[in-house]
Amino acid sequence: MFSEPMNFNDFQQRLKLVDATGIGIELSVLVACVALAWAICKWFGRDQPKDSIWFGESTFDGLLFPLLSLVFTDLARRVVIDFQAVLVLRIAVSVFLSLAVIRLFARVLRAVFPTSNLVRLIERTISWLAWIAAVLWIVGLLPPVLAELDNITLAFGKTRVSVQTIFQGVLSAGLVLVIALWIASTIEKRILREAVTDLSMRKVASNAVRAFLLLIGLLFALSAVGVDLTALSVLGGALGVGLGFGLQKLAANYVSGFVILLERSIRIGDNVKVDTFEGRITDIKTRYTLIRAGNGREAIVPNESLITSRVENLSLADRKFNITTNIVVGYESDVAQVQTILCEAAKAQPRVMTDPAPVAYLVNFAPDGLEFSLHFWVADPDKGKDNVRSAINIAILEGLRGAGIDIPYPQRVLRVESLPPGIAPAPDAVL
C-alpha cells in the first residue's frame, strides 16, 4: 500500500522538520532507486521491439521504468521514515504513480489505435488529471477536494450520485478497459500472428477477442462502482427490440462482416467489382469493407451489400487479370506482321505476364480497315490498367509507323443529287 495523502497542516509540519542533511539522504536514496530501475529496464529491454508497452522506444519511454521506480521509492520511504521525517521520497512516490498511470494509458492506446487523433486528446486529458492529482496529494489538498466532490450530488431520477462516485467510476472503467485492450493487443501480436496465418481469420479472431475482453472489462468496471448487473437485463431487452426494429441494417452489416471473414469468399488483397466500382480490398471491418480503385479513390461498401448483391471477385480463382486494346489498320496490311507488332509491343512491358503470352486476333472487317484486338495479362491490376495500356498503345503506334503500315482515317462519301444553276462540281469531287 502506497503512502496515504497528507492534509495541508501535515505537509507544513513536514517542511519544518526536514533539514539539509535529511534532504541530502533522501535525494541519494531516490537517485539509487531510479538508477536501479533504469538498470533493470536497460538489461531486460535490449531485445524488445520498439512498440513494446513495457519498454517503449527507449528505456524511459515504457511503463516498466516508472513502475519499478515507484515500487523501489516506496520501499525506501518505508525504511527511511523510521529514522527521519520523509518529504522528498513521498513527493517522488506521487510523481512516479502519476507517471505510471500516464504511461499505461498512452502506451496501450497508441499500440491499439496508432493512427487515431482522439488518442492524443485522451493522453493530454489523462496527463493533466494525473499531474493535478499528484500536486494535490503532495500539498495535502487531495482529501478536502475529494470530500467536497463527495458533497456535490447529481440527480438521476430518484437516485442521487455524488461527483466523486462518478469520477471514481469513470476512472475505474477506463483503467479496466485499457487493461482489457492491452491483453487483447498482446494476444493478437504474440499468439494470433503465429497461430493464424490467414489474414481474414486473424482479423475476425482479433475482433472477437477484443470485443469479448472489452465486454468482460466493462462488466467488472460497472460492478466495481456498485452498479447492479441484474439491471442490465432490462437494457438487454431494450437493445434486442432496437436491433429488431431500428437497427436491422446495422445488425445485418455486422453479421455479414463476420460471415465474410469466416467464409473467406473475399479476402484482403482481392480485386473485386461491386456494381460499377472496381478495385482492391484494403480492409474488411465488422460493418463495412474498404475498396481502393487504381486511381486512388476508395469506396466504403456495407458488408450486407457484399452478401446480398452480385460481386465479381477477379482474384478468387486466378490472380491473372486480362486487359485488351483494339486497333484498325488498312486492308492492304499484312495480317501476320500486324499480329507480331502487337504482341511484341505488349511483351516489351515488364508488367505484362509471359504466361499466358500476349495474343492478337483479327476480330472484325471494319468499314475503314482490319480491326485487331490485343489481349495481355497482368498480375498487379492494383497498380493501374490505363498506364500499361497507354504504354503498349504508344509502342504499337511506333511499330506500325516504322513498318509503314497505314492506320486509316474514317472515309465518308458525300453524294450530291443536284447543284444550283451556274455552279460546276470540283474536279476531284466524288459524285
# chains A, B, ... in the order shown; residues from 1 in each chain; ligands from 1
>>> residues_around(residues="Val93 of chain A", least_positions_apart="5", cutoff="7 Å", atoms="only C-alpha atoms", output="list in words")
Leu70, Thr73 and Asp74 of chain A
>>> select_by_dssp(residues="segment 50-133 of chain A", states="helix (DSSP H, G or I)", output="count of residues only")
59
>>> select_by_dssp(residues="segment 132-161 of chain A", states="strand (DSSP E or B)", output="number ranges by chain")
A: 153-156, 159-161
>>> write_last_selection(atoms="N, CA, C and O atoms", output="short mmCIF file (atom, residue, chain, number, x, y, z; two decimals), in the first residue's frame")
data_model
loop_
_atom_site.label_atom_id
_atom_site.label_comp_id
_atom_site.auth_asym_id
_atom_site.auth_seq_id
_atom_site.Cartn_x
_atom_site.Cartn_y
_atom_site.Cartn_z
N THR A 153 -23.76 16.39 -5.43
CA THR A 153 -24.52 15.25 -5.94
C THR A 153 -25.33 15.66 -7.16
O THR A 153 -25.73 16.82 -7.31
N LEU A 154 -25.56 14.69 -8.01
CA LEU A 154 -26.39 14.87 -9.21
C LEU A 154 -27.56 13.90 -9.13
O LEU A 154 -27.41 12.76 -8.67
N ALA A 155 -28.73 14.34 -9.57
CA ALA A 155 -29.95 13.54 -9.50
C ALA A 155 -30.19 12.83 -10.83
O ALA A 155 -30.21 13.47 -11.89
N PHE A 156 -30.37 11.51 -10.75
CA PHE A 156 -30.74 10.70 -11.91
C PHE A 156 -32.06 10.01 -11.55
O PHE A 156 -32.06 8.94 -10.93
N THR A 159 -32.57 8.70 -7.87
CA THR A 159 -31.27 8.36 -7.31
C THR A 159 -30.35 9.57 -7.40
O THR A 159 -30.30 10.25 -8.44
N ARG A 160 -29.60 9.82 -6.33
CA ARG A 160 -28.62 10.90 -6.30
C ARG A 160 -27.23 10.28 -6.19
O ARG A 160 -26.98 9.41 -5.35
N VAL A 161 -26.34 10.73 -7.06
CA VAL A 161 -24.98 10.20 -7.13
C VAL A 161 -24.02 11.36 -6.98
O VAL A 161 -24.20 12.42 -7.60
#
>>> residues_around(residues="segment 304-315 of chain A", least_positions_apart="4", cutoff="12 Å", atoms="only C-alpha atoms", output="ChimeraX atom specification")
/A:248-261,263-281,284-291,300,319-322,378-382
>>> closest_residue(among="A:Asp386, A:Glu188, A:Phe105, A:Gln349", to="Gly174 of chain A", atoms="only C-alpha atoms")
A:Phe105
>>> closest_atom_pairs(of="segment 269-363 of chain A", to="segment 392-413 of chain A", cutoff="7 Å", atoms="only C-alpha atoms", output="CSV")
residue,atom,partner,partner_atom,distance
A:Val328,CA,A:Ile407,CA,6.4
A:Val329,CA,A:Ile407,CA,4.6
A:Gly330,CA,A:Asp406,CA,5.5
A:Ser333,CA,A:Ile405,CA,6.2
A:Ile341,CA,A:Gly399,CA,6.2
A:Leu342,CA,A:Ile396,CA,5.9
A:Ala345,CA,A:Ala395,CA,5.3
A:Ala346,CA,A:Ile392,CA,5.6
>>> closest_residue(among="A:Ala37, A:Leu262, A:Ala360, A:Val352", to="Val204 of chain A", atoms="only C-alpha atoms")
A:Leu262
>>> residues_around(residues="Tyr361 of chain A", least_positions_apart="6", cutoff="7 Å", atoms="only C-alpha atoms", output="PyMOL selection string")
chain A and resi 372-374
>>> write_last_selection(atoms="N, CA, C and O atoms", output="mmCIF file, in the first residue's frame")
data_model
loop_
_atom_site.group_PDB
_atom_site.id
_atom_site.type_symbol
_atom_site.label_atom_id
_atom_site.label_comp_id
_atom_site.auth_asym_id
_atom_site.auth_seq_id
_atom_site.Cartn_x
_atom_site.Cartn_y
_atom_site.Cartn_z
ATOM 1 N N PHE A 372 -8.095 -5.305 -85.193
ATOM 2 C CA PHE A 372 -7.382 -6.287 -84.383
ATOM 3 C C PHE A 372 -7.648 -6.020 -82.895
ATOM 4 O O PHE A 372 -7.822 -4.860 -82.484
ATOM 5 N N SER A 373 -7.631 -7.095 -82.115
ATOM 6 C CA SER A 373 -7.789 -6.996 -80.655
ATOM 7 C C SER A 373 -6.595 -7.679 -79.997
ATOM 8 O O SER A 373 -6.325 -8.859 -80.259
ATOM 9 N N LEU A 374 -5.886 -6.919 -79.156
ATOM 10 C CA LEU A 374 -4.717 -7.434 -78.452
ATOM 11 C C LEU A 374 -5.102 -7.774 -77.014
ATOM 12 O O LEU A 374 -5.639 -6.919 -76.284
#
>>> closest_residue(among="A:Gly169, A:Trp182, A:Glu26, A:Trp54", to="Val79 of chain A", atoms="only C-alpha atoms")
A:Glu26
>>> atom_distance(atom1="atom CA of Pro143 of chain A", atom2="atom CA of Ala85 of chain A")
21.1 Å
>>> residues_around(residues="Ala35 of chain A", least_positions_apart="5", cutoff="9 Å", atoms="only C-alpha atoms", output="VMD selection string")
chain A and resid 30 40 69
>>> residues_around(residues="segment 145-150 of chain A", least_positions_apart="3", cutoff="10 Å", atoms="only C-alpha atoms", output="list in words")
Ala133, Leu136, Gly140, Leu141, Leu142, Thr153, Val161, Ser162, Val163, Gln164, Thr165, Ile166 and Phe167 of chain A
>>> write_last_selection(atoms="C-alpha atoms", output="CSV table (one decimal), in the first residue's frame")
chain,number,residue,atom,x,y,z
A,133,ALA,CA,-3.9,14.8,-8.5
A,136,LEU,CA,-3.0,17.9,-4.6
A,140,GLY,CA,-2.2,17.8,1.2
A,141,LEU,CA,-5.2,19.2,-0.5
A,142,LEU,CA,-6.4,15.9,-2.0
A,153,THR,CA,-24.5,15.3,-5.9
A,161,VAL,CA,-25.0,10.2,-7.1
A,162,SER,CA,-22.0,12.2,-6.0
A,163,VAL,CA,-19.5,13.7,-8.4
A,164,GLN,CA,-16.7,11.7,-6.6
A,165,THR,CA,-18.6,8.4,-7.3
A,166,ILE,CA,-18.9,9.4,-10.9
A,167,PHE,CA,-15.3,10.3,-11.2
